[in-house]
$ cat structure.txt   # compact mmCIF, C-alpha atoms
# COMPACT_ATOMS: atom_id res chain seq x y z
CA MET D 15 18.65 1.05 -12.97
CA LYS D 16 17.61 2.78 -9.78
CA LEU D 17 14.64 5.10 -9.75
CA THR D 18 16.82 8.01 -8.68
CA GLU D 19 19.12 7.43 -11.66
CA ILE D 20 16.13 7.61 -13.98
CA VAL D 21 14.99 10.87 -12.37
CA ASP D 22 18.48 12.33 -12.82
CA LEU D 23 18.90 11.17 -16.40
CA ILE D 24 15.71 12.77 -17.65
CA ASN D 25 15.96 15.76 -15.34
CA GLY D 26 12.67 14.71 -13.81
CA GLU D 27 10.83 15.23 -10.59
CA LEU D 28 9.42 12.53 -8.33
CA LEU D 29 5.77 13.33 -7.61
CA THR D 30 4.99 10.59 -5.14
CA GLN D 31 6.30 10.23 -1.62
CA GLU D 32 9.87 9.14 -1.29
CA ASN D 33 9.96 5.49 -0.44
CA GLU D 34 12.87 3.25 -0.69
CA TYR D 35 12.30 1.61 -4.03
CA LYS D 36 14.52 -1.39 -3.85
CA LYS D 37 13.41 -2.92 -7.11
CA ASP D 38 15.56 -2.10 -10.10
CA ILE D 39 14.05 -1.05 -13.37
CA THR D 40 15.51 -2.75 -16.42
CA GLY D 41 13.12 -1.92 -19.23
CA ALA D 42 10.51 0.54 -20.44
CA MET D 43 7.80 1.25 -22.95
CA GLY D 44 6.36 4.50 -24.25
CA ALA D 45 2.68 4.74 -25.17
CA ASP D 46 -0.40 6.93 -24.85
CA LEU D 47 -3.05 4.32 -25.50
CA MET D 48 -3.81 2.27 -22.44
CA SER D 49 -5.02 -0.64 -24.52
CA ASP D 50 -1.64 -0.71 -26.26
CA VAL D 51 0.04 -0.70 -22.88
CA LEU D 52 -2.15 -3.53 -21.62
CA ALA D 53 -1.54 -5.47 -24.81
CA SER D 54 2.18 -5.02 -25.15
CA ILE D 55 4.01 -4.12 -21.98
CA LYS D 56 6.13 -6.69 -20.19
CA PRO D 57 5.84 -6.92 -16.40
CA GLU D 58 8.09 -4.73 -14.23
CA ALA D 59 8.58 -2.07 -16.89
CA ALA D 60 8.68 1.70 -16.62
CA LEU D 61 5.90 3.37 -18.61
CA LEU D 62 6.55 6.66 -20.40
CA THR D 63 3.31 8.37 -21.34
CA GLY D 64 1.73 11.67 -22.19
CA LEU D 65 -1.56 10.50 -20.77
CA CYS D 66 -2.29 11.90 -17.37
CA ASN D 67 -5.28 10.47 -15.51
CA PRO D 68 -6.08 7.93 -12.75
CA GLN D 69 -6.47 5.23 -15.40
CA VAL D 70 -2.74 5.32 -16.05
CA VAL D 71 -2.08 4.30 -12.46
CA ARG D 72 -4.75 1.61 -12.58
CA THR D 73 -3.27 0.34 -15.82
CA ALA D 74 0.12 0.26 -14.11
CA LEU D 75 -1.35 -1.70 -11.25
CA ILE D 76 -2.99 -4.25 -13.52
CA ALA D 77 0.01 -4.63 -15.82
CA ASP D 78 2.65 -4.79 -13.04
CA ILE D 79 4.32 -1.56 -14.12
CA ARG D 80 7.01 -0.37 -11.71
CA THR D 81 6.98 3.36 -12.39
CA ILE D 82 5.19 5.91 -14.58
CA ILE D 83 7.07 8.75 -16.28
CA PHE D 84 4.93 11.63 -17.55
CA VAL D 85 6.56 13.36 -20.51
CA ARG D 86 6.16 16.91 -21.86
CA GLY D 87 5.92 18.34 -18.37
CA LYS D 88 2.54 16.81 -17.64
CA ASN D 89 1.39 16.82 -14.06
CA PRO D 90 -1.29 14.39 -12.90
CA ASP D 91 -4.07 15.59 -10.63
CA ARG D 92 -4.04 14.93 -6.90
CA GLU D 93 -6.39 11.97 -7.14
CA THR D 94 -3.95 10.25 -9.47
CA ILE D 95 -1.04 10.96 -7.11
CA ARG D 96 -3.09 9.73 -4.17
CA ILE D 97 -3.81 6.39 -5.85
CA ALA D 98 -0.16 6.07 -6.87
CA ASN D 99 1.00 6.67 -3.29
CA GLU D 100 -1.52 4.17 -2.02
CA GLU D 101 -0.44 1.54 -4.50
CA GLU D 102 3.24 2.45 -4.17
CA ILE D 103 3.77 3.19 -7.83
CA PRO D 104 6.26 6.05 -8.13
CA LEU D 105 5.29 8.86 -10.51
CA ILE D 106 7.90 10.98 -12.27
CA THR D 107 7.36 14.01 -14.46
CA THR D 108 9.85 15.39 -16.98
CA ASN D 109 9.81 18.36 -19.33
CA LEU D 110 11.39 16.25 -22.06
CA GLY D 111 9.29 14.99 -24.92
CA MET D 112 8.43 11.34 -25.36
CA PHE D 113 11.07 10.74 -28.04
CA GLU D 114 13.89 12.37 -26.12
CA ALA D 115 13.04 10.78 -22.77
CA CYS D 116 12.80 7.33 -24.35
CA GLY D 117 16.04 7.90 -26.24
CA ILE D 118 18.00 8.93 -23.16
CA LEU D 119 16.76 6.02 -21.07
CA HIS D 120 17.36 3.52 -23.85
CA GLN D 121 20.87 4.81 -24.39
CA ALA D 122 21.50 4.59 -20.66
CA GLY D 123 20.73 0.89 -20.78
CA LEU D 124 16.98 0.41 -20.32
CA LEU D 125 15.68 -2.30 -22.61
CA SER D 126 12.53 -2.20 -24.67
CA TYR D 127 9.80 -3.88 -22.68
CA GLU D 128 7.29 -3.69 -25.47
CA LEU D 129 6.13 -6.99 -26.87
CA PRO D 130 4.92 -7.45 -30.43
CA ALA D 131 1.13 -7.33 -30.37
CA ASN D 132 0.70 -10.91 -31.51
CA ASP D 133 2.54 -12.31 -28.52
CA ASP D 134 0.84 -13.78 -25.52
CA CYS D 135 0.18 -11.04 -23.03
CA ALA D 136 1.42 -12.94 -20.01
CA MET H 4 -3.83 17.75 19.36
CA THR H 5 -2.97 21.39 18.94
CA ASP H 6 -4.70 23.75 16.54
CA GLU H 7 -1.70 23.76 14.32
CA HIS H 8 -2.25 20.04 13.75
CA SER H 9 -5.97 20.17 13.26
CA GLN H 10 -5.38 22.44 10.27
CA VAL H 11 -3.22 20.07 8.30
CA SER H 12 -3.60 20.92 4.64
CA ASP H 13 -4.31 18.20 2.11
CA GLU H 14 -0.94 18.79 0.48
CA PHE H 15 0.75 18.29 3.81
CA ALA H 16 -1.35 15.25 4.67
CA GLU H 17 -0.30 13.59 1.44
CA SER H 18 3.33 13.84 2.37
CA ILE H 19 2.87 12.14 5.73
CA THR H 20 4.67 8.84 5.82
CA ARG H 21 3.36 5.64 7.32
CA THR H 22 5.77 6.02 10.22
CA GLU H 23 4.44 9.48 11.01
CA GLU H 24 0.91 8.13 10.79
CA LEU H 25 1.83 5.41 13.23
CA ALA H 26 3.11 7.98 15.71
CA TYR H 27 -0.49 9.20 15.88
CA GLU H 28 -2.13 5.77 15.74
CA LEU H 29 -0.01 3.96 18.29
CA ARG H 30 -0.74 4.59 21.96
CA ILE H 31 1.95 5.06 24.55
CA HIS H 32 0.93 1.92 26.48
CA GLU H 33 1.55 -0.14 23.34
CA VAL H 34 5.23 0.73 23.17
CA MET H 35 6.22 1.54 26.80
CA THR H 36 8.15 -0.75 29.11
CA GLU H 37 5.86 -2.26 31.71
CA ASN H 38 6.76 -3.87 35.04
CA VAL H 39 9.44 -1.31 35.70
CA HIS H 40 11.82 -1.89 38.56
CA CYS H 41 11.01 0.84 41.10
CA LEU H 42 13.07 2.02 44.04
CA PRO H 43 11.90 3.24 47.45
CA PRO H 44 13.04 6.79 48.37
CA ASP H 45 14.74 5.69 51.56
CA ILE H 46 17.48 3.41 50.27
CA LYS H 47 21.03 4.65 50.00
CA LEU H 48 22.48 5.80 46.68
CA GLU H 49 25.19 3.18 47.14
CA GLU H 50 22.53 0.50 46.97
CA ALA H 51 20.83 2.15 44.00
CA LEU H 52 24.18 2.18 42.18
CA ASP H 53 24.59 -1.57 42.80
CA ILE H 54 21.14 -2.24 41.37
CA PHE H 55 21.77 -0.01 38.34
CA GLN H 56 25.08 -1.73 37.67
CA LYS H 57 23.70 -5.25 38.09
CA GLU H 58 20.50 -4.68 36.12
CA ARG H 59 22.10 -2.29 33.57
CA PHE H 60 19.53 0.40 34.37
CA SER H 61 19.96 3.97 33.32
CA GLY H 62 17.06 5.23 35.40
CA ALA H 63 14.26 4.13 37.69
CA PRO H 64 11.07 5.59 39.14
CA VAL H 65 10.92 6.16 42.86
CA ILE H 66 7.74 4.99 44.56
CA ALA H 67 6.54 5.75 48.06
CA ASN H 68 3.27 4.19 49.33
CA GLY H 69 2.31 3.28 45.80
CA ASP H 70 2.71 6.82 44.47
CA LEU H 71 5.31 8.09 42.08
CA VAL H 72 7.46 10.61 43.94
CA GLY H 73 10.49 10.97 41.71
CA LEU H 74 12.84 9.62 39.12
CA ILE H 75 16.44 8.68 39.74
CA SER H 76 18.77 8.42 36.76
CA ILE H 77 22.34 7.43 36.16
CA GLU H 78 23.13 11.13 35.74
CA ASP H 79 21.87 11.78 39.28
CA LEU H 80 24.11 8.99 40.56
CA ILE H 81 27.10 10.45 38.71
CA ARG H 82 26.44 13.80 40.38
CA ALA H 83 26.42 12.07 43.76
CA LEU H 84 29.60 10.14 42.91
CA ARG H 85 31.38 13.35 41.93
CA ALA H 86 30.39 14.86 45.25
CA GLY H 87 31.52 11.67 47.03
CA ASN H 88 28.08 11.55 48.52
CA LEU H 89 26.76 8.01 48.05
CA ASP H 90 25.76 7.55 51.67
CA VAL H 91 22.55 9.57 51.41
CA ASN H 92 19.04 8.49 50.50
CA VAL H 93 17.81 8.29 46.93
CA SER H 94 15.30 11.01 47.75
CA GLU H 95 18.18 13.49 48.15
CA TYR H 96 19.26 13.27 44.53
CA MET H 97 16.17 12.19 42.63
CA THR H 98 14.33 14.46 40.23
CA THR H 99 11.00 15.47 41.70
CA LYS H 100 9.87 17.92 39.05
CA LEU H 101 8.36 15.21 36.95
CA VAL H 102 7.06 15.40 33.42
CA THR H 103 4.74 12.49 32.79
CA VAL H 104 2.64 11.18 29.93
CA ARG H 105 -0.64 9.26 29.97
CA GLU H 106 -0.91 5.66 28.87
CA TYR H 107 -3.65 6.24 26.27
CA ASP H 108 -2.04 9.28 24.65
CA PRO H 109 -0.67 8.81 21.15
CA VAL H 110 3.05 8.15 20.89
CA VAL H 111 3.48 11.53 19.21
CA GLU H 112 2.72 13.20 22.57
CA ALA H 113 5.72 11.46 24.10
CA LEU H 114 7.86 12.50 21.11
CA LYS H 115 6.81 16.13 21.59
CA THR H 116 7.55 15.94 25.30
CA PHE H 117 10.99 14.49 24.62
CA ALA H 118 11.73 17.33 22.22
CA ARG H 119 10.51 19.94 24.70
CA THR H 120 12.12 18.69 27.89
CA LYS H 121 15.33 16.85 26.92
CA PHE H 122 14.42 14.10 29.37
CA GLY H 123 15.58 10.62 28.42
CA ARG H 124 12.67 8.78 29.96
CA LEU H 125 9.13 9.65 30.93
CA PRO H 126 6.95 7.94 33.54
CA VAL H 127 3.64 6.75 32.10
CA LEU H 128 0.58 7.19 34.32
CA ASP H 129 -2.90 5.70 34.17
CA LYS H 130 -6.10 7.69 34.65
CA GLN H 131 -5.74 7.52 38.43
CA GLY H 132 -2.22 8.89 38.21
CA LYS H 133 -0.58 5.60 39.14
CA LEU H 134 2.64 4.60 37.44
CA VAL H 135 2.08 1.91 34.80
CA GLY H 136 5.34 2.08 32.87
CA ILE H 137 8.27 4.05 31.51
CA ILE H 138 8.78 5.23 27.97
CA THR H 139 12.11 6.03 26.30
CA LYS H 140 12.98 7.08 22.75
CA GLY H 141 14.29 3.55 22.25
CA ASP H 142 10.87 2.14 23.19
CA ILE H 143 9.30 4.37 20.53
CA SER H 144 11.74 3.30 17.81
CA ASN H 145 11.16 -0.35 18.67
CA GLY H 146 7.39 0.13 18.79
CA LEU H 147 7.30 1.86 15.40
CA LEU H 148 9.49 -0.80 13.80
CA THR H 149 7.33 -3.58 15.22
CA ALA H 150 4.18 -1.86 13.98
CA LEU H 151 5.63 -1.40 10.48
CA GLN H 152 6.56 -5.06 10.41
CA ARG H 153 3.07 -5.97 11.60
CA ASP H 154 1.59 -3.96 8.69
CA TYR H 155 3.72 -5.98 6.34
CA HIS H 156 2.82 -9.33 7.86
CA ALA H 157 -0.87 -8.47 7.90
CA GLU H 158 -0.97 -8.63 4.08
CA GLU H 159 0.95 -11.91 4.12
CA LEU H 160 -1.46 -13.34 6.65
CA ILE H 161 -4.49 -12.33 4.61
CA ARG H 162 -2.92 -13.97 1.60
CA TYR H 163 -2.14 -17.11 3.57
CA ARG H 164 -5.65 -17.43 4.96
CA ALA H 165 -7.30 -16.72 1.62
CA SER H 166 -5.14 -19.18 -0.26
CA HIS H 167 -6.25 -21.93 2.12
CA LEU H 168 -9.91 -21.11 1.65
CA PHE H 169 -10.52 -23.83 -0.88
CA GLU H 170 -8.72 -26.44 1.17
CA ASP H 171 -10.56 -25.66 4.37
CA ILE H 172 -14.07 -25.75 2.99
CA VAL H 173 -15.34 -29.10 1.80
CA SER H 174 -18.12 -29.33 -0.76
CA HIS H 175 -18.73 -30.99 -4.09
CA ARG H 176 -18.07 -27.72 -5.78
CA THR H 177 -16.79 -24.70 -3.91
CA SER H 178 -16.66 -21.31 -5.53
CA LEU H 179 -16.24 -17.75 -4.45
CA ILE H 180 -18.22 -15.07 -6.24
CA LEU H 181 -17.17 -11.43 -6.38
CA ARG H 182 -19.55 -8.80 -7.79
CA TYR H 183 -18.86 -5.21 -8.74
CA GLU H 184 -21.39 -2.68 -10.01
CA ILE H 185 -19.83 -0.45 -12.65
CA ARG H 186 -21.45 2.92 -13.40
CA LYS H 187 -21.58 4.41 -16.84
CA GLY H 188 -19.15 7.27 -17.35
CA ASP H 189 -17.45 6.74 -13.99
CA PHE H 190 -13.94 7.26 -15.30
CA ILE H 191 -12.64 8.37 -11.92
CA HIS H 192 -13.14 4.88 -10.52
CA GLY H 193 -12.44 3.11 -13.79
CA GLY H 194 -10.16 0.18 -13.07
CA ASN H 195 -10.90 0.14 -9.37
CA ALA H 196 -12.92 -3.07 -9.53
CA SER H 197 -10.26 -4.71 -11.69
CA SER H 198 -7.51 -3.75 -9.25
CA ASN H 199 -9.55 -5.33 -6.48
CA ILE H 200 -10.16 -8.44 -8.53
CA LYS H 201 -6.46 -8.79 -9.29
CA ARG H 202 -5.59 -8.35 -5.61
CA ALA H 203 -8.23 -10.91 -4.59
CA LEU H 204 -6.84 -13.45 -7.06
CA LEU H 205 -3.32 -12.96 -5.72
CA ARG H 206 -4.58 -13.39 -2.19
CA LEU H 207 -6.36 -16.54 -3.23
CA GLY H 208 -3.07 -17.91 -4.40
CA ALA H 209 -3.16 -17.25 -8.15
CA THR H 210 0.27 -16.86 -9.75
CA PRO H 211 1.29 -13.30 -10.70
CA GLN H 212 0.98 -14.28 -14.39
CA ILE H 213 -2.57 -15.56 -14.00
CA ALA H 214 -3.57 -12.57 -11.87
CA ARG H 215 -2.09 -10.19 -14.43
CA ARG H 216 -3.83 -11.80 -17.38
CA CYS H 217 -7.19 -11.88 -15.57
CA GLY H 218 -6.58 -8.29 -14.46
CA ILE H 219 -5.98 -7.05 -18.00
CA ALA H 220 -9.04 -8.87 -19.36
CA VAL H 221 -11.36 -7.68 -16.64
CA TYR H 222 -9.97 -4.11 -16.83
CA GLU H 223 -10.76 -3.87 -20.52
CA ALA H 224 -14.23 -5.26 -19.78
CA GLU H 225 -14.69 -2.75 -16.95
CA MET H 226 -13.72 0.16 -19.21
CA ASN H 227 -16.16 -1.15 -21.84
CA LEU H 228 -18.97 -1.01 -19.27
CA ILE H 229 -17.99 2.56 -18.37
CA ILE H 230 -17.63 3.72 -21.96
CA HIS H 231 -20.20 1.87 -24.03
CA THR H 232 -23.26 1.01 -21.91
CA ASP H 233 -26.52 2.85 -21.34
CA HIS H 234 -26.52 2.48 -17.55
CA GLY H 235 -23.29 0.71 -16.66
CA GLY H 236 -23.27 -2.95 -15.75
CA THR H 237 -21.91 -5.67 -13.52
CA LEU H 238 -18.63 -7.49 -13.23
CA ARG H 239 -18.99 -10.94 -11.75
CA VAL H 240 -16.03 -13.15 -11.00
CA GLU H 241 -16.45 -16.75 -9.92
CA VAL H 242 -13.33 -18.27 -8.49
CA GLU H 243 -12.99 -22.03 -8.31
CA PRO H 244 -9.86 -24.04 -7.56
CA HIS H 245 -9.44 -25.04 -11.20
CA LYS H 246 -11.00 -22.13 -13.03
CA ILE H 247 -11.75 -18.41 -12.92
CA THR H 248 -14.89 -17.26 -14.73
CA MET H 249 -15.21 -13.54 -15.30
CA GLU H 250 -18.39 -12.07 -16.63
CA ALA H 251 -19.30 -8.54 -17.67
CA TYR H 252 -22.95 -7.87 -18.41
CA ASP H 253 -25.13 -4.86 -19.06
CA ASP H 254 -28.64 -4.04 -20.22
CA GLY H 255 -27.82 -2.18 -23.37
CA PRO H 256 -27.48 -0.83 -25.94
CA GLY H 257 -25.99 -4.08 -27.24
CA ILE H 258 -23.51 -4.54 -30.04
CA GLU H 259 -24.91 -4.35 -33.55
CA ASP H 260 -22.25 -6.41 -35.27
CA VAL H 261 -20.33 -8.67 -32.88
CA GLU H 262 -17.99 -9.92 -35.58
CA GLN H 263 -16.98 -6.41 -36.52
CA ALA H 264 -16.57 -5.43 -32.85
CA MET H 265 -14.01 -8.21 -32.49
CA LYS H 266 -11.81 -6.82 -35.26
CA PRO H 267 -8.60 -5.16 -34.04
CA GLY H 268 -8.83 -1.40 -34.37
CA TYR H 269 -12.59 -1.26 -34.76
CA SER H 270 -14.08 1.19 -32.32
CA THR H 271 -17.19 3.24 -31.78
CA ALA H 272 -15.60 5.36 -29.07
CA THR H 273 -15.75 9.14 -29.22
CA ASN H 274 -12.72 11.40 -29.46
CA GLU H 275 -13.16 12.34 -25.84
CA ILE H 276 -12.71 8.73 -24.80
CA ARG H 277 -9.73 8.31 -27.10
CA GLU H 278 -8.12 11.28 -25.41
CA MET H 279 -8.34 9.34 -22.16
CA GLY H 280 -6.25 6.59 -23.69
CA PHE H 281 -9.08 4.20 -24.48
CA GLY H 282 -11.23 3.40 -27.44
CA ALA H 283 -8.42 2.18 -29.65
CA GLY H 284 -10.48 -0.80 -30.71
CA MET H 285 -8.12 -3.17 -28.95
CA GLY H 286 -10.16 -4.01 -25.84
CA LEU H 287 -11.93 -7.15 -26.98
CA VAL H 288 -8.83 -8.26 -28.87
CA ASN H 289 -6.75 -7.85 -25.74
CA ILE H 290 -9.27 -9.79 -23.69
CA LYS H 291 -9.29 -12.64 -26.16
CA ARG H 292 -5.52 -12.92 -26.01
CA CYS H 293 -5.41 -12.90 -22.24
CA VAL H 294 -7.99 -15.53 -21.34
CA ASP H 295 -8.36 -19.15 -22.37
CA GLU H 296 -11.91 -18.81 -23.50
CA MET H 297 -14.04 -15.84 -24.42
CA ARG H 298 -17.65 -15.59 -25.48
CA LEU H 299 -19.48 -12.44 -26.45
CA ILE H 300 -23.25 -12.55 -26.65
CA SER H 301 -25.08 -9.39 -27.51
CA SER H 302 -28.40 -8.28 -28.86
CA ARG H 303 -30.10 -4.96 -29.30
CA ASP H 304 -32.87 -5.79 -26.82
CA ARG H 305 -30.99 -7.66 -24.12
CA GLY H 306 -27.65 -5.94 -23.88
CA THR H 307 -24.26 -7.59 -23.81
CA ASN H 308 -22.82 -10.57 -21.94
CA LEU H 309 -19.10 -11.12 -22.07
CA TYR H 310 -17.70 -14.36 -20.61
CA MET H 311 -14.01 -14.74 -19.97
CA ILE H 312 -12.68 -18.01 -18.62
CA MET H 313 -9.24 -18.84 -17.34
CA TYR H 314 -8.45 -22.50 -16.66
CA LEU H 315 -6.05 -23.43 -13.93
CA GLU H 316 -5.60 -27.04 -15.05
CA ASP H 317 -1.86 -26.80 -14.77
CA LYS H 318 -1.01 -28.14 -11.33
CA ASP H 319 1.23 -25.20 -10.51
CA ASN H 320 -1.57 -22.78 -11.16
CA ASN H 321 -4.29 -24.65 -9.29
CA LEU H 322 -5.56 -22.55 -6.42
CA ASN H 323 -5.81 -25.33 -3.83
CA THR H 324 -2.34 -26.67 -4.42
CA VAL H 325 -0.72 -23.40 -3.48
CA ASN H 326 1.72 -24.00 -0.64
$ encode --input "structure.txt" --output "structure tokens"
Amino acid sequence: MKLTEIVDLINGELLTQENEYKKDITGAMGADLMSDVLASIKPEAALLTGLCNPQVVRTALIADIRTIIFVRGKNPDRETIRIANEEEIPLITTNLGMFEACGILHQAGLLSYELPANDDCA
Amino acid sequence: MTDEHSQVSDEFAESITRTEELAYELRIHEVMTENVHCLPPDIKLEEALDIFQKERFSGAPVIANGDLVGLISIEDLIRALRAGNLDVNVSEYMTTKLVTVREYDPVVEALKTFARTKFGRLPVLDKQGKLVGIITKGDISNGLLTALQRDYHAEELIRYRASHLFEDIVSHRTSLILRYEIRKGDFIHGGNASSNIKRALLRLGATPQIARRCGIAVYEAEMNLIIHTDHGGTLRVEVEPHKITMEAYDDGPGIEDVEQAMKPGYSTATNEIREMGFGAGMGLVNIKRCVDEMRLISSRDRGTNLYMIMYLEDKDNNLNTVN
């Protein structure tokens, strides 16, 4: 799925500069605890989260996350957006809640990129 | 730069693309065409037309005694053709009201001049006012594209050089040590060191999987230093061709019950820290799952030492066998 499709589907807004994101997004995970994300997310996923600080972008960077979607209309501060632009991780915000945003994207074909916690994290 | 540009707001600055940045960074002499074919003012237009046709020129500077005196373009020649007037000197039809740019000005100056004047080409002068080249919009496009490509290759080159580090240096045991000081409570920069470590490992030729696993382990360790220590601590990463040793150490307060600290879900973090998405009691558990070997040594008087080791025994993962 293209980034622009995701933005359209969840009626979101792209917060980072518009680059040409060639890489498709095929799966996602929703979580607010960064340790859960680090433990369970598969590489190249989209992350839906209600957490809104620079650590989310750093977590994305470490865990090879392709894009971050902030739910419930959350807007990250400028420092967070700056890091995301620098690291080329697109940020999207949507007014939808976590459940609804996840539901829409899952129904539209995004797979669950959340591993059971006892799996290897690689 | 005009005043209007010196007052760029932060919001505006954030929206500037790399290409726009390059228009300010690149200098005109870096993108212009040098060694331009110049014409003397006293040749006939007929002759100029032959040269233009043969060399596929669309314009040329006119030089007399080493000084730029005009610019003759294909449009000027068309005017002369229409008037059936090719038997006069170039100087009769050339443009003499010249708009020039300087070789060390940023490319954006040329772009502004193009927008203002509608000229297709601008003579480029050096400090002494001598012609050193010609710049067209095509030159600028080419220059920007080349520079963007150079940006891209620069990262590849760094990676290539770094990944050959262990091959190029001969010793009985070569290792590279990276150190990062982590301050207590520095959430703003939390994860910065880990991002740098992950990037360094990739540059050194680690596979994305290895870099990711090391990154996750060291990130959890970094956040532990920020959250749980008295004064912060140090991250130390020793990279060897067959092994990556990551160490996080601090001078207190130490962990009272190491066994309990290793239990999933056990945490001493405050609500404030949980609100930031950490302190779920999964950090050490995560680390253990990501690395091949983990050791946690802690005491109330000496603080905590966390060792995380990743072996690169597998030939594909070995850092000095990377193509």
$ interface_residues --input "structure.txt" --of "chain D" --to "chain H" --cutoff "7 Å" --atoms "all atoms listed in the file" --output "VMD selection string"
chain D and resid 31 46 to 49 52 to 53 65 68 to 69 72 75 to 77 134 to 136
$ write_last_selection --input "structure.txt" --atoms "C-alpha atoms" --output "PDB file, in the frame of the given file"
ATOM      1  CA  GLN D  31       6.300  10.230  -1.620  1.00  0.00           C
ATOM      2  CA  ASP D  46      -0.400   6.930 -24.850  1.00  0.00           C
ATOM      3  CA  LEU D  47      -3.050   4.320 -25.500  1.00  0.00           C
ATOM      4  CA  MET D  48      -3.810   2.270 -22.440  1.00  0.00           C
ATOM      5  CA  SER D  49      -5.020  -0.640 -24.520  1.00  0.00           C
ATOM      6  CA  LEU D  52      -2.150  -3.530 -21.620  1.00  0.00           C
ATOM      7  CA  ALA D  53      -1.540  -5.470 -24.810  1.00  0.00           C
ATOM      8  CA  LEU D  65      -1.560  10.500 -20.770  1.00  0.00           C
ATOM      9  CA  PRO D  68      -6.080   7.930 -12.750  1.00  0.00           C
ATOM     10  CA  GLN D  69      -6.470   5.230 -15.400  1.00  0.00           C
ATOM     11  CA  ARG D  72      -4.750   1.610 -12.580  1.00  0.00           C
ATOM     12  CA  LEU D  75      -1.350  -1.700 -11.250  1.00  0.00           C
ATOM     13  CA  ILE D  76      -2.990  -4.250 -13.520  1.00  0.00           C
ATOM     14  CA  ALA D  77       0.010  -4.630 -15.820  1.00  0.00           C
ATOM     15  CA  ASP D 134       0.840 -13.780 -25.520  1.00  0.00           C
ATOM     16  CA  CYS D 135       0.180 -11.040 -23.030  1.00  0.00           C
ATOM     17  CA  ALA D 136       1.420 -12.940 -20.010  1.00  0.00           C
TER      18      ALA D 136
END
$ closest_residue --input "structure.txt" --among "H:Lys115, H:Arg206, H:His40, H:Arg21" --to "H:Leu168" --atoms "all atoms listed in the file"
H:Arg206
$ residues_around --input "structure.txt" --residues "D:Glu58" --least-positions-apart "2" --cutoff "12 Å" --atoms "all atoms listed in the file" --output "number ranges by chain"
D: 37-43, 55-56, 60-61, 74-82, 103, 124-128; H: 211-212, 215
$ residues_around --input "structure.txt" --residues "H:Glu28" --least-positions-apart "3" --cutoff "12 Å" --atoms "only C-alpha atoms" --output "number ranges by chain"
H: 21-25, 31-34, 107-112, 146-147, 150-151
$ atom_distance --input "structure.txt" --atom1 "atom CA of D:Arg86" --atom2 "atom CA of D:Glu102"
23.0 Å
$ residues_around --input "structure.txt" --residues "stretch 89-92 of chain D" --least-positions-apart "2" --cutoff "10 Å" --atoms "only C-alpha atoms" --output "mmCIF file with C-alpha atoms, in the coordinates of the input"
data_model
loop_
_atom_site.group_PDB
_atom_site.id
_atom_site.type_symbol
_atom_site.label_atom_id
_atom_site.label_comp_id
_atom_site.auth_asym_id
_atom_site.auth_seq_id
_atom_site.Cartn_x
_atom_site.Cartn_y
_atom_site.Cartn_z
ATOM 1 C CA LEU D 29 5.770 13.330 -7.610
ATOM 2 C CA GLY D 64 1.730 11.670 -22.190
ATOM 3 C CA LEU D 65 -1.560 10.500 -20.770
ATOM 4 C CA CYS D 66 -2.290 11.900 -17.370
ATOM 5 C CA ASN D 67 -5.280 10.470 -15.510
ATOM 6 C CA PRO D 68 -6.080 7.930 -12.750
ATOM 7 C CA VAL D 70 -2.740 5.320 -16.050
ATOM 8 C CA PHE D 84 4.930 11.630 -17.550
ATOM 9 C CA VAL D 85 6.560 13.360 -20.510
ATOM 10 C CA ARG D 86 6.160 16.910 -21.860
ATOM 11 C CA GLY D 87 5.920 18.340 -18.370
ATOM 12 C CA THR D 94 -3.950 10.250 -9.470
ATOM 13 C CA ILE D 95 -1.040 10.960 -7.110
ATOM 14 C CA ARG D 96 -3.090 9.730 -4.170
ATOM 15 C CA ILE D 97 -3.810 6.390 -5.850
ATOM 16 C CA ALA D 98 -0.160 6.070 -6.870
ATOM 17 C CA LEU D 105 5.290 8.860 -10.510
ATOM 18 C CA ILE D 106 7.900 10.980 -12.270
ATOM 19 C CA THR D 107 7.360 14.010 -14.460
ATOM 20 C CA THR D 108 9.850 15.390 -16.980
ATOM 21 C CA ASP H 13 -4.310 18.200 2.110
ATOM 22 C CA GLU H 14 -0.940 18.790 0.480
ATOM 23 C CA GLU H 17 -0.300 13.590 1.440
#
